[in-house]
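Content type compact mmCIF, C-alpha atoms, from the file start_21.txt:
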```
# COMPACT_ATOMS: atom_id res chain seq x y z
CA MET A 1 112.03 150.42 96.97
CA ARG A 2 110.15 149.57 93.80
CA ARG A 3 110.45 153.07 92.55
CA THR A 4 114.24 153.15 92.99
CA MET A 5 114.60 149.83 91.20
CA ALA A 6 112.46 151.04 88.34
CA LYS A 7 114.53 154.19 88.26
CA ALA A 8 117.78 152.23 88.14
CA SER A 9 116.51 150.02 85.31
CA LEU A 10 115.36 153.05 83.39
CA HIS A 11 118.72 154.70 83.89
CA THR A 12 120.54 151.59 82.62
CA ALA A 13 118.23 151.25 79.65
CA LEU A 14 118.63 154.89 78.68
CA ASN A 15 122.38 154.59 79.01
CA LEU A 16 122.42 151.55 76.75
CA LEU A 17 120.20 153.38 74.26
CA PHE A 18 122.57 156.34 74.30
CA PHE A 19 125.62 154.21 73.46
CA THR A 20 123.67 152.30 70.81
CA LEU A 21 122.71 155.58 69.15
CA ILE A 22 126.31 156.78 69.16
CA GLY A 23 127.47 153.44 67.76
CA THR A 24 124.85 153.49 65.01
CA ALA A 25 125.71 157.06 64.10
CA MET A 26 129.41 156.20 63.87
CA LEU A 27 128.69 153.22 61.64
CA ALA A 28 126.38 155.26 59.43
CA ILE A 29 128.99 157.99 59.00
CA THR A 30 131.74 155.48 58.24
CA TYR A 31 129.55 153.65 55.77
CA ASN A 32 128.69 156.86 53.97
CA LEU A 33 132.32 157.90 53.77
CA THR A 34 133.57 154.54 52.59
CA HIS A 35 130.99 152.82 50.44
CA GLU A 36 131.98 154.65 47.28
CA PRO A 37 135.73 153.96 47.49
CA ILE A 38 134.92 150.36 48.44
CA ALA A 39 132.65 149.90 45.43
CA ARG A 40 135.34 151.43 43.24
CA SER A 41 138.10 149.17 44.49
CA GLU A 42 135.89 146.11 44.13
CA GLU A 43 135.09 147.18 40.58
CA ASN A 44 138.80 147.57 39.78
CA GLU A 45 139.54 144.20 41.32
CA LYS A 46 136.82 142.67 39.17
CA LEU A 47 138.24 144.17 35.99
CA ARG A 48 141.68 142.91 36.90
CA LEU A 49 140.27 139.41 37.42
CA ILE A 50 138.35 139.52 34.12
CA ALA A 51 141.62 140.17 32.34
CA GLN A 52 143.00 137.00 33.96
CA ILE A 53 140.23 134.63 32.92
CA ALA A 54 139.20 135.94 29.52
CA PRO A 55 142.25 135.48 27.27
CA ALA A 56 142.98 138.58 25.19
CA ASP A 57 142.84 136.61 21.92
CA ALA A 58 139.33 135.34 22.66
CA PHE A 59 137.68 138.68 21.92
CA ASP A 60 138.40 141.86 20.01
CA ASN A 61 135.70 144.16 21.37
CA ASP A 62 135.77 146.33 24.49
CA ILE A 63 134.49 143.63 26.81
CA VAL A 64 133.94 145.80 29.88
CA LYS A 65 131.72 148.19 27.91
CA ASP A 66 129.72 145.48 26.09
CA THR A 67 127.41 144.53 28.91
CA ALA A 68 123.86 143.28 29.25
CA GLN A 69 121.57 143.26 32.24
CA LEU A 70 120.55 139.83 33.49
CA ALA A 71 117.52 139.33 35.71
CA ALA A 72 117.96 137.56 39.04
CA ASP A 73 117.99 133.80 38.65
CA PRO A 74 118.37 130.93 41.11
CA LEU A 75 121.07 129.48 38.87
CA LEU A 76 123.10 132.67 39.32
CA GLY A 77 122.45 132.68 43.04
CA ASN A 78 121.66 136.39 43.14
CA ASP A 79 118.68 138.31 44.47
CA ASN A 80 119.16 141.31 42.24
CA GLY A 81 120.00 141.44 38.57
CA THR A 82 123.63 141.49 37.48
CA ILE A 83 125.67 142.47 34.50
CA VAL A 84 127.20 140.04 32.06
CA TYR A 85 130.34 141.12 30.17
CA ARG A 86 130.23 139.95 26.56
CA GLY A 87 133.26 139.29 24.44
CA ARG A 88 132.98 139.08 20.66
CA LEU A 89 135.42 138.02 17.99
CA LYS A 90 134.75 139.54 14.56
CA ASP A 91 131.28 140.48 15.82
CA ARG A 92 130.43 136.91 16.73
CA PRO A 93 129.82 135.95 20.38
CA SER A 94 132.98 134.36 21.74
CA ILE A 95 133.07 134.61 25.52
CA ALA A 96 130.83 135.72 28.41
CA VAL A 97 131.91 136.76 31.87
CA LEU A 98 129.16 135.99 34.38
CA GLN A 99 128.99 137.22 37.95
CA VAL A 100 127.52 134.60 40.23
CA ILE A 101 127.09 134.11 43.94
CA ALA A 102 127.65 130.89 45.83
CA PRO A 103 125.15 131.45 48.65
CA ASP A 104 126.20 128.51 50.81
CA GLY A 105 129.80 129.23 51.76
CA TYR A 106 131.03 128.42 55.25
CA SER A 107 130.40 131.98 56.40
CA GLY A 108 128.11 133.57 53.90
CA LYS A 109 128.16 134.40 50.25
CA ILE A 110 131.09 133.87 47.92
CA ASN A 111 131.15 136.23 44.95
CA LEU A 112 132.57 134.67 41.81
CA ILE A 113 133.18 135.66 38.23
CA ILE A 114 133.23 132.97 35.58
CA ALA A 115 134.35 133.30 31.97
CA ILE A 116 132.60 130.87 29.63
CA HIS A 117 133.56 130.47 25.97
CA SER A 118 130.75 130.27 23.46
CA ASP A 119 131.34 126.51 23.12
CA GLY A 120 130.45 126.11 26.80
CA LYS A 121 134.03 125.62 28.05
CA ILE A 122 135.13 127.55 31.10
CA GLY A 123 137.91 130.06 30.51
CA GLY A 124 138.47 130.51 34.19
CA VAL A 125 136.88 131.21 37.56
CA ARG A 126 137.92 133.79 40.15
CA VAL A 127 136.71 134.71 43.61
CA VAL A 128 135.89 138.41 43.88
CA SER A 129 135.07 138.45 47.58
CA HIS A 130 134.34 135.97 50.34
CA LYS A 131 134.33 135.62 54.13
CA GLU A 132 135.69 132.09 54.48
CA THR A 133 137.98 131.14 57.34
CA PRO A 134 141.53 132.47 56.92
CA GLY A 135 144.05 129.67 56.60
CA LEU A 136 141.39 127.05 55.94
CA GLY A 137 138.83 128.12 53.34
CA ASP A 138 140.73 130.94 51.69
CA TYR A 139 142.59 128.71 49.23
CA ILE A 140 139.84 129.52 46.74
CA GLU A 141 141.62 132.86 46.20
CA ILE A 142 144.04 132.75 43.29
CA ALA A 143 146.55 134.77 45.32
CA ARG A 144 146.82 132.00 47.92
CA ASN A 145 146.45 128.85 45.90
CA ASN A 146 145.79 127.78 42.33
CA TRP A 147 142.98 125.43 43.32
CA ILE A 148 140.45 127.62 41.49
CA THR A 149 142.13 126.75 38.17
CA VAL A 150 140.69 123.21 38.36
CA PHE A 151 137.71 124.60 36.48
CA ASN A 152 139.75 125.78 33.50
CA GLY A 153 138.57 124.06 30.31
CA THR A 154 135.79 122.09 31.98
CA SER A 155 132.27 122.12 30.54
CA LEU A 156 128.92 120.44 30.98
CA GLU A 157 129.75 118.08 28.11
CA ASN A 158 132.80 116.39 29.59
CA GLY A 159 131.09 114.83 32.58
CA LYS A 160 127.86 113.74 34.15
CA ASP A 161 125.97 116.02 36.51
CA SER A 162 127.10 113.85 39.39
CA ASP A 163 130.74 114.67 38.56
CA TRP A 164 130.14 118.27 39.60
CA LYS A 165 130.91 117.66 43.24
CA VAL A 166 134.02 117.55 45.37
CA LYS A 167 135.71 114.15 45.55
CA LYS A 168 134.46 113.59 49.08
CA ASP A 169 130.88 113.65 47.76
CA GLY A 170 131.65 111.33 44.86
CA GLY A 171 132.44 114.00 42.27
CA LYS A 172 135.67 114.69 40.44
CA PHE A 173 136.85 117.95 42.00
CA ASP A 174 139.74 118.10 44.42
CA TYR A 175 139.47 119.90 47.73
CA MET A 176 141.78 120.50 50.64
CA ALA A 177 141.51 118.86 54.02
CA GLY A 178 140.14 121.19 56.65
CA ALA A 179 137.62 122.96 54.45
CA THR A 180 135.08 121.05 52.39
CA ILE A 181 132.07 123.34 52.63
CA THR A 182 133.84 126.16 50.81
CA PRO A 183 134.88 124.23 47.65
CA ARG A 184 131.53 122.41 47.70
CA ALA A 185 129.76 125.77 47.44
CA VAL A 186 132.09 126.98 44.68
CA VAL A 187 131.73 123.80 42.60
CA LYS A 188 127.95 123.98 42.91
CA ALA A 189 127.88 127.64 41.88
CA VAL A 190 130.11 127.02 38.84
CA HIS A 191 127.97 124.07 37.77
CA LYS A 192 124.81 126.16 38.02
CA ALA A 193 126.44 128.98 36.07
CA LEU A 194 127.21 126.57 33.24
CA GLN A 195 123.60 125.42 33.21
CA TYR A 196 122.46 129.03 33.13
CA PHE A 197 124.79 129.73 30.23
CA ALA A 198 123.47 126.72 28.30
CA GLN A 199 119.89 127.90 28.77
CA HIS A 200 120.39 131.60 28.09
CA ARG A 201 123.24 131.66 25.57
CA GLU A 202 121.18 133.19 22.77
CA GLU A 203 119.50 136.01 24.65
CA MET A 204 122.66 136.79 26.59
CA PHE A 205 124.52 137.79 23.45
CA LYS A 206 121.71 139.84 21.91
CA PRO A 207 123.32 143.09 20.86
CA HIS A 208 121.84 145.92 22.82
CA PRO A 209 120.39 148.92 21.00
CA ALA A 210 122.89 151.54 22.09
CA ALA A 211 126.08 150.99 24.03
CA LYS A 212 125.30 152.11 27.55
CA ALA A 213 128.39 153.76 28.91
CA ASP A 214 127.02 154.12 32.41
CA ALA A 215 126.92 150.39 33.05
CA VAL A 216 130.59 150.13 34.01
CA PRO A 217 132.42 152.87 35.83
CA GLY A 218 136.18 153.13 35.39
CA GLU A 219 138.45 152.08 32.59
CA GLY A 220 138.99 148.45 31.82
CA ASP A 221 142.50 147.35 31.01
CA LYS A 222 142.63 144.17 29.07
CA LYS A 223 146.00 142.84 28.52
CA MET B 1 152.56 157.47 83.17
CA THR B 2 155.88 156.75 84.87
CA SER B 3 158.50 154.74 83.05
CA GLN B 4 158.17 151.99 85.65
CA GLU B 5 154.45 151.75 84.95
CA PHE B 6 155.20 151.65 81.23
CA LYS B 7 157.67 148.80 81.69
CA ASP B 8 155.30 146.86 83.94
CA ILE B 9 152.42 147.06 81.47
CA LEU B 10 154.65 146.04 78.58
CA TYR B 11 156.23 143.14 80.51
CA ASN B 12 152.81 141.98 81.67
CA GLY B 13 151.35 141.98 78.19
CA VAL B 14 154.22 140.46 76.28
CA TRP B 15 155.46 137.87 78.79
CA LYS B 16 154.01 137.52 82.28
CA GLN B 17 150.29 137.54 81.37
CA ASN B 18 150.77 136.49 77.73
CA THR B 19 147.32 135.96 76.22
CA GLY B 20 148.32 132.92 74.21
CA LEU B 21 150.47 131.13 76.79
CA VAL B 22 149.17 132.21 80.21
CA GLN B 23 145.64 133.62 79.96
CA LEU B 24 144.76 131.14 77.18
CA LEU B 25 142.04 133.43 75.85
CA GLY B 26 140.78 133.66 72.30
CA MET B 27 141.95 130.16 71.38
CA CYS B 28 139.54 129.71 68.47
CA PRO B 29 141.00 132.31 66.07
CA ILE B 30 144.52 131.58 67.31
CA LEU B 31 144.32 127.91 66.46
CA ALA B 32 142.54 128.51 63.16
CA VAL B 33 144.91 131.13 61.82
CA SER B 34 148.32 130.03 63.07
CA SER B 35 148.96 127.69 60.14
CA SER B 36 151.70 129.95 58.78
CA VAL B 37 153.93 132.78 60.03
CA VAL B 38 152.43 135.39 57.71
CA ASN B 39 148.83 134.56 58.66
CA GLY B 40 149.67 134.49 62.35
CA VAL B 41 151.53 137.79 62.41
CA SER B 42 148.83 139.46 60.30
CA LEU B 43 146.06 138.48 62.71
CA GLY B 44 148.26 139.35 65.70
CA LEU B 45 148.99 142.88 64.50
CA ALA B 46 145.37 143.53 63.51
CA THR B 47 144.29 142.37 66.98
CA ALA B 48 146.90 144.57 68.68
CA MET B 49 145.60 147.59 66.77
CA VAL B 50 141.96 146.93 67.68
CA MET B 51 142.87 146.25 71.33
CA ALA B 52 144.81 149.49 71.63
CA LEU B 53 141.95 151.43 70.01
CA SER B 54 139.24 149.88 72.13
CA GLY B 55 141.30 150.40 75.30
CA ALA B 56 141.70 154.06 74.44
CA ALA B 57 138.02 154.42 73.54
CA ILE B 58 136.57 152.73 76.59
CA ALA B 59 138.83 154.05 79.35
CA PRO B 60 137.55 157.67 79.09
CA ILE B 61 133.91 156.61 79.38
CA ARG B 62 134.45 153.99 82.07
CA ASP B 63 132.81 156.16 84.76
CA PHE B 64 129.67 156.83 82.75
CA VAL B 65 128.76 153.23 82.02
CA PRO B 66 126.45 151.71 84.67
CA ASN B 67 127.86 148.54 86.13
CA GLU B 68 124.90 146.35 85.09
CA ALA B 69 125.11 147.35 81.45
CA ARG B 70 128.87 147.45 81.04
CA ILE B 71 129.33 144.17 79.12
CA PRO B 72 126.80 145.00 76.36
CA VAL B 73 128.18 148.54 76.08
CA PHE B 74 131.76 147.26 75.81
CA ILE B 75 130.81 144.69 73.18
CA LEU B 76 128.92 147.34 71.27
CA ILE B 77 131.90 149.68 71.24
CA ILE B 78 134.35 146.93 70.23
CA ALA B 79 132.07 145.79 67.41
CA VAL B 80 131.63 149.36 66.14
CA LEU B 81 135.39 149.96 66.24
CA VAL B 82 136.19 146.76 64.40
CA THR B 83 133.64 147.56 61.71
CA VAL B 84 134.95 151.11 61.33
CA VAL B 85 138.51 149.78 60.98
CA GLN B 86 137.36 147.22 58.41
CA PHE B 87 135.44 149.77 56.31
CA SER B 88 138.25 152.30 56.43
CA MET B 89 140.90 149.79 55.44
CA ASN B 90 138.75 148.50 52.61
CA ALA B 91 138.21 152.03 51.31
CA TRP B 92 141.61 153.65 51.74
CA MET B 93 144.15 150.88 52.17
CA TYR B 94 142.86 148.31 49.72
CA ASP B 95 146.17 146.47 49.28
CA LEU B 96 146.47 145.97 53.02
CA TYR B 97 142.80 145.05 53.20
CA VAL B 98 143.30 142.27 50.69
CA VAL B 99 145.82 140.75 53.11
CA LEU B 100 144.32 141.54 56.51
CA GLY B 101 140.65 142.01 55.60
CA ILE B 102 139.44 138.50 56.24
CA PHE B 103 141.09 138.48 59.67
CA ILE B 104 139.38 141.56 60.99
CA PRO B 105 135.87 140.17 61.62
CA LEU B 106 137.57 137.34 63.54
CA ILE B 107 138.76 139.88 66.10
CA VAL B 108 135.25 140.60 67.40
CA THR B 109 134.87 136.95 68.29
CA ASN B 110 138.15 137.03 70.19
CA CYS B 111 137.28 137.19 73.88
CA ILE B 112 140.73 138.55 74.72
CA VAL B 113 139.62 142.01 73.58
CA LEU B 114 136.64 142.06 75.94
CA ALA B 115 138.69 140.45 78.71
CA ARG B 116 141.32 143.23 78.69
CA ILE B 117 138.62 145.90 78.58
CA GLU B 118 136.92 144.32 81.58
CA ALA B 119 140.13 143.64 83.51
CA PHE B 120 142.14 146.74 82.65
CA ALA B 121 140.56 149.53 80.61
CA SER B 122 137.46 149.75 82.81
CA LYS B 123 139.70 150.58 85.79
CA ASN B 124 142.59 152.58 84.29
CA PRO B 125 143.21 155.84 82.39
CA PRO B 126 143.15 155.90 78.56
CA LEU B 127 146.90 156.03 77.86
CA GLN B 128 147.67 153.05 80.08
CA SER B 129 144.69 151.16 78.66
CA ALA B 130 145.80 151.71 75.09
CA LEU B 131 149.31 150.54 75.97
CA ASP B 132 147.95 147.50 77.78
CA GLY B 133 145.86 146.53 74.77
CA PHE B 134 148.79 147.00 72.43
CA ALA B 135 151.20 145.06 74.67
CA MET B 136 148.74 142.19 74.99
CA GLY B 137 148.37 142.23 71.21
CA LEU B 138 152.14 142.13 70.77
CA GLY B 139 152.39 139.15 73.11
CA LEU B 140 149.72 137.43 71.05
CA THR B 141 151.56 138.29 67.83
CA ALA B 142 154.77 136.72 69.17
CA VAL B 143 152.97 133.50 70.09
CA LEU B 144 151.20 133.38 66.74
CA ALA B 145 154.49 133.92 64.91
CA VAL B 146 156.25 131.06 66.74
CA LEU B 147 153.21 128.78 66.50
CA GLY B 148 152.81 129.62 62.81
CA GLY B 149 156.50 128.96 62.23
CA ILE B 150 156.39 125.54 63.88
CA ARG B 151 153.24 124.48 62.03
CA GLU B 152 154.50 125.80 58.71
CA ILE B 153 157.85 124.00 58.94
CA PHE B 154 156.28 120.68 59.94
CA GLY B 155 153.21 121.06 57.76
CA HIS B 156 154.64 122.44 54.53
CA GLY B 157 158.42 122.48 54.98
CA THR B 158 158.57 126.23 54.33
CA LEU B 159 158.77 129.49 56.24
CA LEU B 160 157.19 132.86 55.38
CA SER B 161 155.07 131.46 52.55
CA GLY B 162 152.47 134.01 51.47
CA ILE B 163 154.74 136.95 52.26
CA ASP B 164 154.28 138.12 48.66
CA LEU B 165 150.68 138.92 49.61
CA VAL B 166 152.02 141.50 52.07
CA PHE B 167 155.02 142.95 50.25
CA GLY B 168 154.18 142.26 46.61
CA GLU B 169 155.48 139.82 44.01
CA ALA B 170 159.14 140.72 44.61
CA ALA B 171 158.97 139.31 48.13
CA LYS B 172 158.44 135.78 46.76
CA THR B 173 162.21 135.33 47.06
CA MET B 174 161.89 135.75 50.84
CA VAL B 175 160.07 132.44 51.18
CA ILE B 176 162.46 129.97 52.82
CA THR B 177 162.25 126.33 51.89
CA VAL B 178 163.42 124.62 55.05
CA ILE B 179 162.93 121.04 53.90
CA PRO B 180 163.16 120.63 50.11
CA ASN B 181 160.81 118.15 48.37
CA TYR B 182 158.73 117.88 51.50
CA HIS B 183 155.43 116.07 51.09
CA GLY B 184 153.66 117.86 53.90
CA PHE B 185 152.42 116.66 57.24
CA LEU B 186 148.69 117.13 57.54
CA LEU B 187 148.47 116.89 61.32
CA ALA B 188 150.54 120.03 61.75
CA ILE B 189 148.26 122.03 59.44
CA LEU B 190 145.00 120.87 61.00
CA PRO B 191 143.74 122.13 64.40
CA PRO B 192 145.14 119.19 66.42
CA GLY B 193 148.61 120.22 65.30
CA ALA B 194 147.91 123.68 66.66
CA PHE B 195 146.89 122.25 70.04
CA ILE B 196 149.99 120.08 70.25
CA ALA B 197 152.35 122.90 69.26
CA LEU B 198 150.65 125.31 71.68
CA GLY B 199 150.94 122.73 74.46
CA LEU B 200 154.68 122.46 73.82
CA LEU B 201 155.04 126.25 73.83
CA ILE B 202 153.22 126.53 77.18
CA ALA B 203 155.40 123.77 78.62
CA GLY B 204 158.48 125.63 77.36
CA LYS B 205 157.40 128.88 78.99
CA ASN B 206 156.64 127.16 82.31
CA TRP B 207 160.05 125.49 82.20
CA LEU B 208 161.75 128.86 81.63
CA ASN B 209 159.80 130.38 84.53
CA LEU B 210 160.68 127.47 86.80
CA ARG B 211 164.35 127.73 85.95
CA ALA B 212 164.36 131.46 86.63
CA GLU B 213 162.74 130.84 90.03
CA GLN B 214 165.25 128.16 90.95
CA LYS B 215 168.11 130.42 89.98
CA ILE B 216 166.82 133.11 92.31
CA ARG B 217 166.42 130.56 95.10
CA THR B 218 169.92 129.09 94.74
CA GLU B 219 171.41 132.57 94.63
CA ALA B 220 169.47 133.57 97.73
CA ALA B 221 170.30 130.40 99.66
CA PRO B 222 174.05 130.93 100.27
CA VAL B 223 173.35 134.45 101.46
CA ALA B 224 170.85 133.12 103.97
CA ALA B 225 173.33 130.44 105.06
CA THR B 226 176.16 132.91 105.74
CA GLN B 227 173.77 135.12 107.61
CA ALA B 228 172.70 132.22 109.80
CA ALA B 229 176.31 131.38 110.56
```
Here is the file; what I need is its structure written in the form of structure tokens.
Amino acid sequence: MRRTMAKASLHTALNLLFFTLIGTAMLAITYNLTHEPIARSEENEKLRLIAQIAPADAFDNDIVKDTAQLAADPLLGNDNGTIVYRGRLKDRPSIAVLQVIAPDGYSGKINLIIAIHSDGKIGGVRVVSHKETPGLGDYIEIARNNWITVFNGTSLENGKDSDWKVKKDGGKFDYMAGATITPRAVVKAVHKALQYFAQHREEMFKPHPAAKADAVPGEGDKK
Amino acid sequence: MTSQEFKDILYNGVWKQNTGLVQLLGMCPILAVSSSVVNGVSLGLATAMVMALSGAAIAPIRDFVPNEARIPVFILIIAVLVTVVQFSMNAWMYDLYVVLGIFIPLIVTNCIVLARIEAFASKNPPLQSALDGFAMGLGLTAVLAVLGGIREIFGHGTLLSGIDLVFGEAAKTMVITVIPNYHGFLLAILPPGAFIALGLLIAGKNWLNLRAEQKIRTEAAPVAATQAA
């Protein structure tokens, strides 16, 4: 009796293991086939968004090629280093496009890009990718709603730190009923990015020795 | 598959056993996403696709899966399929992914997929199982479309808003403003509005069913009477 039960359990366990192995193999194959095209389309999407938030008359260099590596920083919300895109006007720093992560979205990380003029004013903010609830938290996408434009022209100077919250928490930023956690995370991330910019402005714009072409794959179209 | 079988499965999925109105499964994503027609139909179609695929994938192996381990195996296969669909769409159909992408992970949490596998695909051949999944998905899409329509009209005063995300900028002209200068009605957009609208839809379907039954009874009655005489 005991032996047959043990045998049945073993059979079930092996069966489960077999299907798990097949599932893992399928996922691994799919990941290998798709991660390059996915990275490419995300890169293209990012370049398209940069063109939206960094006005063409704010810089005259090739912004997507003029990059610098930034180390991971709690204010940027990232665990690995990222790239900052640097815009210059007549060889003087004019605008920086930072990539930051809001780690505390409703369902995980929200990837943002933020363009900040050299005077500390925000040129614009865009969401690159997120996993917020469809129909509730997705109004942070520019394609669905223009909420994200509330940041345009804001800076650390025109408000106290306590203003950098959604209205529900006593700040000055609007949000939409049904989803508060999402805009709360975005506002916090933008605020931290501004603080980071204020602290690192000088070193961020240091010209790098030789233009590294490998930093950005693909062609950037600024328009 | 005979044509009668085909019709039965289709009728079952779309009307008789409708997931949204009769089985009442997978309410969480349904109520969250049905705030507009475009959102509702998008989730509905994505679900139909995954249900058809998982039905077709699980029916052929139904005899090899031990009874005790069937639920974890089914969930595993559904989760793998959904992830494969999500990766592939992201890589090769990026424009569609931008629209449907955020809905796809929601499908795994939808118990209707597992329920149809357990109730149908684990007992029937692949072709029928795929059709059953697809028909159930279509029924869900229809409910989501109507629910989304009701909530959108009462909540925003529009219909088909967001269609430009599916068909490009040019489709912006397809958005219908039903009530001009409408200030919006929050209740309809929030989850309680979804519950109320769904309740009305279920009541409507039950009323239709009841009426159809009565019609059959009144038609049958005179025949019985003449026979008795």
Sorted by chain and rising residue number, which residues of chain A lie within 6 Å of chain B, and what are their closest atom pairs and distances in Å to one decimal, counting all atoms listed in the file, as a Markdown table?
```
| residue | atom | partner | partner_atom | distance |
| --- | --- | --- | --- | --- |
| A:Thr34 | CA | B:Ala91 | CA | 5.4 |
| A:Pro37 | CA | B:Ala91 | CA | 4.9 |
| A:Ile38 | CA | B:Ala91 | CA | 4.7 |
| A:Gly135 | CA | B:Val33 | CA | 5.5 |
```
Taking the point (139.9, 144.0, 70.1) as given in the file, collect each protein or nucleic acid residue that comes within 12 Å of it, counting only C-alpha atoms, and present the set as a PyMOL selection string.
chain B and resi 26+43-58+74-83+85+103-118+121+130+132-134+136-137+140
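Nearest-residue note for Val127 (chain A): choosing from A:Val150, A:Ala56, A:Ala102, A:Ala13, the minimum distance belongs to A:Ala102, counting only C-alpha atoms.
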Atom pair CA of Gln99 (chain A) / CA of Glu157 (chain A): separation (Å)
21.5 Å
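CA of Leu21 (chain B) is positioned 7.5 Å from CA of Val143 (chain B).
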